[in-house]
>>> print(open('data32.pdb').read())   # PDB, C-alpha atoms and all ligand atoms
MODEL        1
ATOM      1  CA  MET A   1     125.251  78.804 129.412
ATOM      2  CA  THR A   2     124.168  77.454 126.023
ATOM      3  CA  ALA A   3     123.813  79.845 123.084
ATOM      4  CA  LYS A   4     120.242  80.755 122.135
ATOM      5  CA  THR A   5     118.836  79.155 118.980
ATOM      6  CA  PHE A   6     117.055  81.240 116.360
ATOM      7  CA  ALA A   7     114.935  80.125 113.428
ATOM      8  CA  PRO A   8     116.686  80.287 110.041
ATOM      9  CA  LEU A   9     115.816  83.314 107.921
ATOM     10  CA  LEU A  10     113.996  82.839 104.632
ATOM     11  CA  ASP A  11     114.634  85.258 101.792
ATOM     12  CA  ALA A  12     111.914  86.964  99.778
ATOM     13  CA  HIS A  13     113.442  89.515  97.407
ATOM     14  CA  GLY A  14     116.055  90.379 100.035
ATOM     15  CA  VAL A  15     113.547  90.480 102.909
ATOM     16  CA  LYS A  16     114.557  88.131 105.739
ATOM     17  CA  ILE A  17     111.654  86.279 107.342
ATOM     18  CA  PRO A  18     112.178  83.964 110.347
ATOM     19  CA  ALA A  19     111.025  80.464 109.356
ATOM     20  CA  LEU A  20     109.130  79.920 112.607
ATOM     21  CA  GLY A  21     106.754  82.396 114.217
ATOM     22  CA  LEU A  22     104.087  82.468 116.896
ATOM     23  CA  GLY A  23     100.463  82.528 115.681
ATOM     24  CA  THR A  24      98.087  84.434 117.942
ATOM     25  CA  PHE A  25      94.551  83.749 116.654
ATOM     26  CA  ARG A  26      92.221  83.232 119.659
ATOM     27  CA  LEU A  27      94.920  84.435 122.084
ATOM     28  CA  GLN A  28      93.826  87.491 124.046
ATOM     29  CA  GLY A  29      94.471  89.428 127.251
ATOM     30  CA  ASP A  30      97.131  88.374 129.754
ATOM     31  CA  ALA A  31      97.549  84.947 128.137
ATOM     32  CA  CYS A  32      98.360  86.634 124.813
ATOM     33  CA  ARG A  33     100.812  89.112 126.347
ATOM     34  CA  ALA A  34     102.547  86.332 128.259
ATOM     35  CA  ALA A  35     102.713  84.008 125.238
ATOM     36  CA  VAL A  36     104.188  86.718 122.995
ATOM     37  CA  SER A  37     106.773  88.023 125.471
ATOM     38  CA  SER A  38     107.888  84.560 126.632
ATOM     39  CA  ALA A  39     108.124  83.335 123.028
ATOM     40  CA  ILE A  40     110.380  86.268 122.133
ATOM     41  CA  ASP A  41     112.488  85.739 125.246
ATOM     42  CA  MET A  42     113.055  82.113 124.259
ATOM     43  CA  GLY A  43     114.142  82.968 120.702
ATOM     44  CA  TYR A  44     111.051  83.507 118.525
ATOM     45  CA  ARG A  45     111.566  86.543 116.286
ATOM     46  CA  HIS A  46     108.337  86.406 114.264
ATOM     47  CA  ILE A  47     104.862  87.163 115.633
ATOM     48  CA  ASP A  48     101.639  86.926 113.626
ATOM     49  CA  THR A  49      98.505  88.927 114.444
ATOM     50  CA  ALA A  50      95.613  90.553 112.548
ATOM     51  CA  ALA A  51      93.106  93.359 113.065
ATOM     52  CA  MET A  52      90.433  90.636 113.061
ATOM     53  CA  TYR A  53      91.997  88.789 116.030
ATOM     54  CA  GLU A  54      91.169  91.730 118.324
ATOM     55  CA  ASN A  55      94.413  91.165 120.200
ATOM     56  CA  GLU A  56      96.769  93.761 118.719
ATOM     57  CA  ILE A  57      96.826  95.693 122.029
ATOM     58  CA  ASP A  58      98.016  92.541 123.820
ATOM     59  CA  VAL A  59     100.426  91.495 121.062
ATOM     60  CA  GLY A  60     102.049  94.961 121.096
ATOM     61  CA  ALA A  61     102.293  94.863 124.893
ATOM     62  CA  GLY A  62     103.902  91.410 124.673
ATOM     63  CA  VAL A  63     106.468  92.630 122.133
ATOM     64  CA  ARG A  64     107.366  95.571 124.383
ATOM     65  CA  ALA A  65     107.490  93.417 127.532
ATOM     66  CA  ALA A  66     110.081  91.073 125.970
ATOM     67  CA  SER A  67     113.734  91.692 126.724
ATOM     68  CA  VAL A  68     114.590  92.270 123.067
ATOM     69  CA  ALA A  69     114.657  95.481 121.003
ATOM     70  CA  ARG A  70     111.543  95.977 118.861
ATOM     71  CA  GLU A  71     113.662  95.984 115.647
ATOM     72  CA  GLU A  72     114.710  92.396 116.366
ATOM     73  CA  VAL A  73     111.168  91.081 116.019
ATOM     74  CA  PHE A  74     109.325  90.560 112.727
ATOM     75  CA  VAL A  75     105.723  91.591 113.411
ATOM     76  CA  THR A  76     102.972  90.815 110.900
ATOM     77  CA  THR A  77      99.433  92.164 110.955
ATOM     78  CA  LYS A  78      96.583  91.921 108.463
ATOM     79  CA  VAL A  79      93.801  94.067 107.080
ATOM     80  CA  TRP A  80      90.437  92.338 107.288
ATOM     81  CA  THR A  81      88.782  91.538 103.945
ATOM     82  CA  GLU A  82      85.970  94.078 104.424
ATOM     83  CA  ASN A  83      88.526  96.882 104.731
ATOM     84  CA  ILE A  84      90.686  96.494 101.650
ATOM     85  CA  ALA A  85      89.235  99.279  99.486
ATOM     86  CA  ALA A  86      91.325 102.391  98.708
ATOM     87  CA  GLY A  87      91.619 104.588 101.786
ATOM     88  CA  THR A  88      89.934 102.071 104.099
ATOM     89  CA  LEU A  89      92.963  99.784 103.947
ATOM     90  CA  GLN A  90      95.328 102.565 105.012
ATOM     91  CA  LEU A  91      92.959 103.538 107.860
ATOM     92  CA  SER A  92      92.885  99.929 109.055
ATOM     93  CA  ALA A  93      96.694  99.788 109.024
ATOM     94  CA  GLU A  94      96.872 103.049 110.967
ATOM     95  CA  SER A  95      94.430 101.700 113.595
ATOM     96  CA  SER A  96      96.488  98.500 113.889
ATOM     97  CA  LEU A  97      99.637 100.533 114.596
ATOM     98  CA  HIS A  98      97.741 102.559 117.168
ATOM     99  CA  ARG A  99      96.554  99.397 118.967
ATOM    100  CA  LEU A 100      99.958  97.725 118.715
ATOM    101  CA  LYS A 101     101.626 100.961 119.876
ATOM    102  CA  LEU A 102     104.258 100.400 117.214
ATOM    103  CA  ASP A 103     105.575 102.907 114.651
ATOM    104  CA  TYR A 104     105.540 100.288 111.912
ATOM    105  CA  VAL A 105     104.895  96.617 111.312
ATOM    106  CA  ASP A 106     107.347  94.473 109.391
ATOM    107  CA  LEU A 107     104.677  92.929 107.217
ATOM    108  CA  LEU A 108     101.161  94.057 106.311
ATOM    109  CA  LEU A 109      98.917  91.485 104.624
ATOM    110  CA  ILE A 110      95.580  91.538 102.884
ATOM    111  CA  HIS A 111      93.861  88.920 105.098
ATOM    112  CA  TRP A 112      91.544  87.552 102.383
ATOM    113  CA  PRO A 113      90.777  88.640  98.813
ATOM    114  CA  ASN A 114      87.389  90.306  98.318
ATOM    115  CA  ARG A 115      85.342  89.708  95.162
ATOM    116  CA  THR A 116      83.562  93.060  95.512
ATOM    117  CA  VAL A 117      86.724  95.210  95.603
ATOM    118  CA  PRO A 118      88.906  95.442  92.483
ATOM    119  CA  LEU A 119      92.280  93.874  93.289
ATOM    120  CA  GLU A 120      94.018  96.771  91.551
ATOM    121  CA  GLN A 121      92.582  99.117  94.184
ATOM    122  CA  SER A 122      93.597  96.939  97.141
ATOM    123  CA  ILE A 123      97.142  96.408  95.916
ATOM    124  CA  GLU A 124      97.584 100.109  95.198
ATOM    125  CA  ALA A 125      96.380 100.875  98.760
ATOM    126  CA  LEU A 126      98.736  98.234 100.189
ATOM    127  CA  CYS A 127     101.675  99.760  98.293
ATOM    128  CA  ASP A 128     100.614 103.200  99.543
ATOM    129  CA  ALA A 129     100.623 101.964 103.177
ATOM    130  CA  LYS A 130     104.194 100.805 102.608
ATOM    131  CA  ARG A 131     105.249 104.094 100.993
ATOM    132  CA  ARG A 132     103.798 105.937 103.984
ATOM    133  CA  GLY A 133     106.034 103.901 106.302
ATOM    134  CA  MET A 134     103.258 102.010 108.095
ATOM    135  CA  THR A 135     104.878  98.731 107.112
ATOM    136  CA  LYS A 136     108.321  97.662 105.942
ATOM    137  CA  HIS A 137     106.958  94.962 103.637
ATOM    138  CA  ILE A 138     103.702  93.817 102.073
ATOM    139  CA  GLY A 139     102.054  90.540 101.174
ATOM    140  CA  VAL A 140      98.799  88.638 100.891
ATOM    141  CA  ALA A 141      97.006  85.735 102.558
ATOM    142  CA  ASN A 142      94.580  83.176 101.176
ATOM    143  CA  PHE A 143      95.436  84.047  97.567
ATOM    144  CA  PRO A 144      95.113  81.128  95.104
ATOM    145  CA  ILE A 145      97.494  81.012  92.132
ATOM    146  CA  ALA A 146      95.620  83.157  89.587
ATOM    147  CA  LEU A 147      94.961  85.912  92.117
ATOM    148  CA  LEU A 148      98.545  85.717  93.382
ATOM    149  CA  ASP A 149      99.889  86.091  89.820
ATOM    150  CA  GLU A 150      97.689  89.152  89.361
ATOM    151  CA  ALA A 151      98.646  90.652  92.738
ATOM    152  CA  VAL A 152     102.363  90.228  91.971
ATOM    153  CA  ARG A 153     101.879  91.931  88.583
ATOM    154  CA  LEU A 154      99.909  94.810  90.120
ATOM    155  CA  ALA A 155     102.455  95.356  92.909
ATOM    156  CA  ALA A 156     105.257  95.396  90.307
ATOM    157  CA  SER A 157     103.373  98.107  88.395
ATOM    158  CA  HIS A 158     103.837 100.236  91.556
ATOM    159  CA  GLY A 159     107.504  99.234  91.858
ATOM    160  CA  GLU A 160     106.819  96.910  94.812
ATOM    161  CA  THR A 161     107.312  93.201  95.491
ATOM    162  CA  LEU A 162     105.098  90.958  97.587
ATOM    163  CA  THR A 163     107.042  88.958 100.146
ATOM    164  CA  THR A 164     104.586  86.339 101.403
ATOM    165  CA  ASN A 165     101.386  84.458 100.758
ATOM    166  CA  GLN A 166     100.044  83.153 104.081
ATOM    167  CA  CYS A 167      97.811  80.132 103.501
ATOM    168  CA  GLU A 168      96.554  77.012 105.235
ATOM    169  CA  TYR A 169      99.086  74.187 105.029
ATOM    170  CA  HIS A 170      99.628  70.995 106.999
ATOM    171  CA  PRO A 171     100.240  67.328 106.162
ATOM    172  CA  ARG A 172      96.549  66.683 105.350
ATOM    173  CA  LEU A 173      96.332  69.536 102.811
ATOM    174  CA  ASP A 174      98.243  69.345  99.538
ATOM    175  CA  GLN A 175      99.514  72.808  98.601
ATOM    176  CA  SER A 176     102.153  71.742  96.071
ATOM    177  CA  ALA A 177     100.740  73.823  93.183
ATOM    178  CA  LEU A 178     100.435  77.005  95.255
ATOM    179  CA  LEU A 179     103.844  76.409  96.793
ATOM    180  CA  ALA A 180     105.369  76.129  93.307
ATOM    181  CA  ALA A 181     103.700  79.431  92.343
ATOM    182  CA  CYS A 182     105.126  81.147  95.441
ATOM    183  CA  ARG A 183     108.602  79.845  94.619
ATOM    184  CA  ARG A 184     108.237  81.032  91.013
ATOM    185  CA  HIS A 185     107.525  84.540  92.362
ATOM    186  CA  GLY A 186     110.282  84.397  95.009
ATOM    187  CA  ILE A 187     107.603  84.659  97.702
ATOM    188  CA  VAL A 188     107.762  82.948 101.087
ATOM    189  CA  PHE A 189     104.838  80.595 101.783
ATOM    190  CA  VAL A 190     103.747  81.082 105.413
ATOM    191  CA  SER A 191     101.799  78.034 106.631
ATOM    192  CA  TYR A 192      98.847  78.810 108.842
ATOM    193  CA  CYS A 193      97.116  76.068 110.855
ATOM    194  CA  PRO A 194     100.485  74.299 110.519
ATOM    195  CA  LEU A 195      99.399  71.720 113.119
ATOM    196  CA  GLY A 196      95.957  71.321 111.539
ATOM    197  CA  GLN A 197      94.568  73.337 114.476
ATOM    198  CA  GLY A 198      96.189  70.809 116.804
ATOM    199  CA  ASN A 199      94.215  67.879 115.329
ATOM    200  CA  LEU A 200      97.271  66.254 113.784
ATOM    201  CA  VAL A 201      99.302  65.716 116.932
ATOM    202  CA  ASN A 202      97.699  62.304 117.578
ATOM    203  CA  ASP A 203      98.009  61.014 114.025
ATOM    204  CA  PRO A 204      99.556  57.504 114.335
ATOM    205  CA  VAL A 205     101.936  57.952 111.380
ATOM    206  CA  LEU A 206     103.280  61.189 112.851
ATOM    207  CA  VAL A 207     103.477  59.732 116.338
ATOM    208  CA  GLY A 208     105.461  56.787 114.900
ATOM    209  CA  ILE A 209     107.932  59.077 113.119
ATOM    210  CA  ALA A 210     108.200  61.194 116.291
ATOM    211  CA  LYS A 211     109.193  58.153 118.370
ATOM    212  CA  LYS A 212     112.026  57.360 115.937
ATOM    213  CA  HIS A 213     113.478  60.856 116.381
ATOM    214  CA  ASN A 214     112.739  61.187 120.099
ATOM    215  CA  LYS A 215     110.527  64.185 119.330
ATOM    216  CA  THR A 216     106.790  64.889 119.584
ATOM    217  CA  ALA A 217     104.388  64.667 116.655
ATOM    218  CA  ALA A 218     103.965  68.470 116.777
ATOM    219  CA  GLN A 219     107.727  68.903 116.410
ATOM    220  CA  ILE A 220     107.796  66.465 113.484
ATOM    221  CA  ILE A 221     105.040  68.403 111.698
ATOM    222  CA  LEU A 222     106.760  71.756 112.251
ATOM    223  CA  ARG A 223     110.091  70.334 111.123
ATOM    224  CA  TRP A 224     108.350  69.028 107.961
ATOM    225  CA  HIS A 225     107.153  72.594 107.240
ATOM    226  CA  VAL A 226     110.444  74.399 107.739
ATOM    227  CA  GLN A 227     112.448  71.732 105.912
ATOM    228  CA  GLN A 228     110.608  72.601 102.691
ATOM    229  CA  PRO A 229     112.356  75.377 100.733
ATOM    230  CA  GLY A 230     110.646  78.753 101.112
ATOM    231  CA  VAL A 231     108.171  77.608 103.804
ATOM    232  CA  ALA A 232     107.666  79.265 107.206
ATOM    233  CA  ALA A 233     105.194  78.146 109.889
ATOM    234  CA  ILE A 234     103.323  80.083 112.580
ATOM    235  CA  PRO A 235     101.942  77.586 115.131
ATOM    236  CA  LYS A 236      99.679  79.104 117.784
ATOM    237  CA  SER A 237     100.016  78.078 121.380
ATOM    238  CA  ALA A 238      98.898  79.447 124.714
ATOM    239  CA  THR A 239     100.677  76.642 126.579
ATOM    240  CA  PRO A 240     104.214  77.549 127.705
ATOM    241  CA  ALA A 241     105.522  73.989 127.266
ATOM    242  CA  HIS A 242     104.125  73.857 123.700
ATOM    243  CA  ILE A 243     105.578  77.288 122.839
ATOM    244  CA  ALA A 244     109.009  76.025 123.911
ATOM    245  CA  ALA A 245     108.659  72.596 122.267
ATOM    246  CA  ASN A 246     107.472  74.089 118.967
ATOM    247  CA  PHE A 247     110.722  76.045 118.757
ATOM    248  CA  ALA A 248     112.950  73.039 119.505
ATOM    249  CA  ILE A 249     112.986  71.791 115.913
ATOM    250  CA  PHE A 250     116.297  73.107 114.656
ATOM    251  CA  ASP A 251     118.496  70.395 116.190
ATOM    252  CA  PHE A 252     117.480  67.505 113.934
ATOM    253  CA  GLU A 253     116.604  66.746 110.330
ATOM    254  CA  LEU A 254     113.968  64.518 108.772
ATOM    255  CA  PRO A 255     115.289  62.102 106.140
ATOM    256  CA  GLN A 256     113.642  62.189 102.701
ATOM    257  CA  GLU A 257     111.612  59.032 103.375
ATOM    258  CA  ASP A 258     110.009  60.636 106.467
ATOM    259  CA  MET A 259     109.313  63.870 104.546
ATOM    260  CA  GLN A 260     107.578  61.803 101.852
ATOM    261  CA  GLU A 261     105.606  59.702 104.331
ATOM    262  CA  ILE A 262     104.312  62.880 105.992
ATOM    263  CA  SER A 263     103.395  64.477 102.640
ATOM    264  CA  ALA A 264     101.543  61.269 101.732
ATOM    265  CA  LEU A 265      99.035  62.025 104.531
ATOM    266  CA  ARG A 266      97.424  64.560 102.169
ATOM    267  CA  ALA A 267      93.742  63.836 101.850
ATOM    268  CA  SER A 268      90.750  65.210 100.002
ATOM    269  CA  GLY A 269      88.655  67.283 102.367
ATOM    270  CA  GLY A 270      91.755  68.230 104.334
ATOM    271  CA  ARG A 271      91.012  71.961 104.254
ATOM    272  CA  LEU A 272      89.968  73.325 107.661
ATOM    273  CA  VAL A 273      89.424  77.027 106.935
ATOM    274  CA  ASN A 274      86.857  77.627 104.206
ATOM    275  CA  PRO A 275      84.509  80.544 104.935
ATOM    276  CA  ALA A 276      81.646  81.462 102.583
ATOM    277  CA  PHE A 277      83.666  84.386 101.209
ATOM    278  CA  ALA A 278      86.717  82.224 100.375
ATOM    279  CA  PRO A 279      88.089  82.471  96.816
ATOM    280  CA  ASP A 280      87.948  79.542  94.385
ATOM    281  CA  TRP A 281      90.792  77.399  95.707
ATOM    282  CA  ASP A 282      93.356  75.711  93.506
ATOM    283  CA  ARG A 283      92.889  72.011  92.939
ATOM    284  CA  THR A 284      94.511  69.913  95.664
ATOM    285  CA  ALA A 285      95.035  66.161  96.091
TER     286      ALA A 285
HETATM  287  N1  LIG A 301      95.647  84.159 107.349
HETATM  288  C1  LIG A 301      94.609  83.479 107.811
HETATM  289  O1  LIG A 301      93.502  83.524 107.245
HETATM  290  C2  LIG A 301      94.790  82.615 109.020
HETATM  291  C3  LIG A 301      93.823  81.653 109.325
HETATM  292  C4  LIG A 301      94.022  80.852 110.451
HETATM  293  C5  LIG A 301      95.177  81.025 111.224
HETATM  294  N2  LIG A 301      96.084  81.989 110.915
HETATM  295  C6  LIG A 301      97.322  82.199 111.728
HETATM  296  O2  LIG A 301      97.974  80.948 111.897
HETATM  297  C7  LIG A 301      98.151  80.674 113.273
HETATM  298  C8  LIG A 301      98.143  79.175 113.539
HETATM  299  O3  LIG A 301      96.925  78.583 113.138
HETATM  300  P1  LIG A 301      95.871  77.992 114.185
HETATM  301  O4  LIG A 301      96.033  78.692 115.466
HETATM  302  O5  LIG A 301      94.537  78.044 113.569
HETATM  303  O6  LIG A 301      96.246  76.440 114.273
HETATM  304  P2  LIG A 301      97.559  75.575 114.667
HETATM  305  O7  LIG A 301      98.700  76.475 114.985
HETATM  306  O8  LIG A 301      97.713  74.570 113.606
HETATM  307  O9  LIG A 301      97.095  74.814 115.975
HETATM  308  C9  LIG A 301      96.884  75.458 117.206
HETATM  309  C10 LIG A 301      96.386  74.404 118.178
HETATM  310  O10 LIG A 301      97.407  73.416 118.363
HETATM  311  C11 LIG A 301      97.693  73.285 119.752
HETATM  312  N3  LIG A 301      99.155  73.103 119.897
HETATM  313  C12 LIG A 301     100.136  73.976 119.626
HETATM  314  N4  LIG A 301     101.337  73.455 119.866
HETATM  315  C13 LIG A 301     101.120  72.196 120.296
HETATM  316  C14 LIG A 301     101.974  71.152 120.720
HETATM  317  N5  LIG A 301     103.308  71.294 120.730
HETATM  318  N6  LIG A 301     101.410  69.976 121.116
HETATM  319  C15 LIG A 301     100.076  69.813 121.107
HETATM  320  N7  LIG A 301      99.199  70.774 120.717
HETATM  321  C16 LIG A 301      99.717  71.963 120.315
HETATM  322  C17 LIG A 301      97.249  74.577 120.384
HETATM  323  O11 LIG A 301      96.859  74.366 121.734
HETATM  324  P3  LIG A 301      97.648  75.137 122.931
HETATM  325  O12 LIG A 301      97.353  76.597 122.781
HETATM  326  O13 LIG A 301      97.101  74.523 124.181
HETATM  327  O14 LIG A 301      99.113  74.826 122.751
HETATM  328  C18 LIG A 301      96.040  74.949 119.537
HETATM  329  O15 LIG A 301      94.893  74.279 119.988
HETATM  330  C19 LIG A 301      96.986  81.439 113.923
HETATM  331  O16 LIG A 301      97.143  81.581 115.332
HETATM  332  C20 LIG A 301      97.031  82.719 113.150
HETATM  333  O17 LIG A 301      98.102  83.543 113.616
HETATM  334  C21 LIG A 301      95.921  82.762 109.804
ENDMDL
END
>>> encode(input="data32.pdb", output="structure tokens")
Amino acid sequence: MTAKTFAPLLDAHGVKIPALGLGTFRLQGDACRAAVSSAIDMGYRHIDTAAMYENEIDVGAGVRAASVAREEVFVTTKVWTENIAAGTLQLSAESSLHRLKLDYVDLLLIHWPNRTVPLEQSIEALCDAKRRGMTKHIGVANFPIALLDEAVRLAASHGETLTTNQCEYHPRLDQSALLAACRRHGIVFVSYCPLGQGNLVNDPVLVGIAKKHNKTAAQIILRWHVQQPGVAAIPKSATPAHIAANFAIFDFELPQEDMQEISALRASGGRLVNPAFAPDWDRTA
């Protein structure tokens, strides 16, 4: 029997975050439960959900159905942007725990900043949710640099550190400035849409690099993410073969020239997730 592989752990102020997780947006019901439990059974130790995904019941059931103790799995959920005012944020976190049937999550994120709610209030509420034991750690998502700087400062004023900023990142979207800011703050950058919502798996450059390494383009992209210092990725898949393949990226390394060729795919207009309420993004290539 071969030993099971696990994703390396990234460090954010002493918090250990598995570099590869399973995204669960648009996964629901039996398919979601099966994806989560089979991913954990094959070695995933990081699962990403959100109140907005309306799948926390299934994600929690999947975590419990896996043959691994709950404490072994790093579970992230998020508070939707409309619910980040004082009091409302804590209620949202409580409802998430109720749906997940978990006593705590490992990481609670503000899903998106909200221009109509003072950040000071949201960060204080996030810190309060942590103090009350609803979550082990706290972080943000979709925070550009200026907002991230402010959030870090506000959390520090409550004696807390932010551990992650979860943002869109894939070879077509340059995030070098935001990534540098995360590193400056000792924060892990969690890449969402790491496969460009699946659109990148037929890119000829990536397919060419994949052939050289006897891997798939999806594996090359995920390897590119986790080979960057302080970067984790949370690809979503409902397909068992993809869930397994996406985890089989820790047995090879991309040489610098391949890393650079992949990064050079950055393009203007590469951003896929840009709702009307999005913050002013940092300048990208
Ligand atoms: N914080 C935020 O605002 C935010 C926003 C968006 C997403 N997220 C998180 O990030 C996660 C990932 O993002 P995403 O789901 O939008 O996009 P993604 O992970 O980049 O792409 C998912 C798509 O790629 C396909 N896929 C996965 N593995 C594959 C493989 N090995 N070969 C070929 N195709 C493959 C999937 O199809 P199959 O299911 O058939 O494999 C699915 O269609 C989400 O699920 C969610 O947890 C967070």
>>> closest_atom_pairs(input="data32.pdb", of="stretch 24-114 of chain A", to="stretch 162-177 of chain A", cutoff="9 Å", atoms="all atoms listed in the file", output="tab-separated table")
residue	atom	partner	partner_atom	distance
A:Leu107	CA	A:Thr163	CA	8.4
A:Leu109	CA	A:Thr164	CA	8.3
A:His111	CA	A:Gln166	CA	8.5
>>> residues_near_point(input="data32.pdb", point="(111.4, 90.7, 113.0)", cutoff="7 Å", atoms="only C-alpha atoms", output="ChimeraX atom specification")
/A:45-46,71-75,106
>>> closest_residue(input="data32.pdb", among="A:Gly159, A:Gly60, A:Gly29, A:Gly23", to="A:Arg99", atoms="only C-alpha atoms")
A:Gly60
>>> closest_residue(input="data32.pdb", among="A:Asp203, A:Asp258, A:Asp30, A:Glu253", to="A:Val226", atoms="all atoms listed in the file")
A:Glu253
>>> residues_near_ligand(input="data32.pdb", ligand="ligand LIG 301 (chain A)", cutoff="7 Å", atoms="only C-alpha atoms and all ligand atoms", output="PyMOL selection string")
chain A and resi 22-26+48-49+111-112+141-142+166-168+192-198+201+218-219+234-239+242-243+245-246+273
>>> resolve_selection(input="data32.pdb", expression="the PyMOL selection byres (((chain A and resi 19) around 6) and not hetatm)", output="ChimeraX atom specification")
/A:7-9,18,20,232
>>> closest_residue(input="data32.pdb", among="A:Cys32, A:Ala217, A:Ala50, A:Val188", to="A:Ala65", atoms="all atoms listed in the file")
A:Cys32
>>> closest_residue(input="data32.pdb", among="A:Arg153, A:Arg223, A:Lys130, A:Lys16", to="A:Ala210", atoms="only C-alpha atoms")
A:Arg223
>>> atom_distance(input="data32.pdb", atom1="atom CA of A:Cys127", atom2="atom CA of A:Ala69")
26.5 Å
>>> atom_distance(input="data32.pdb", atom1="atom CA of A:Arg283", atom2="atom CA of A:Leu178")
9.3 Å
>>> resolve_selection(input="data32.pdb", expression="the PyMOL selection byres (((chain A and resi 183) around 12) and not hetatm)", output="list in words")
Leu10, Asp11, Ala12, His13, Ile145, Leu148, Asp149, Thr163, Thr164, Asn165, Ser176, Ala177, Leu178, Leu179, Ala180, Ala181, Cys182, Arg184, His185, Gly186, Ile187, Val188, Phe189, Val190, Gln228, Pro229, Gly230 and Val231 of chain A
>>> residues_around(input="data32.pdb", residues="A:Leu206", least_positions_apart="5", cutoff="9 Å", atoms="all atoms listed in the file", output="MDAnalysis selection string")
chainID A and resid 200:201 211 216:218 220:221 261:262
>>> closest_residue(input="data32.pdb", among="A:Ala51, A:Ala66, A:Leu119, A:Leu254", to="A:Ala39", atoms="only C-alpha atoms")
A:Ala66
>>> closest_residue(input="data32.pdb", among="A:Ala93, A:Ala155, A:Ile249, A:Met52", to="A:Thr81", atoms="only C-alpha atoms")
A:Met52
>>> axis_aligned_box(input="data32.pdb", around="stretch 97-110 of chain A", padding_each_side="5 Å", output="JSON")
{"center_x": 101.5, "center_y": 97.2, "center_z": 111.4, "size_x": 21.8, "size_y": 21.4, "size_z": 27.0}
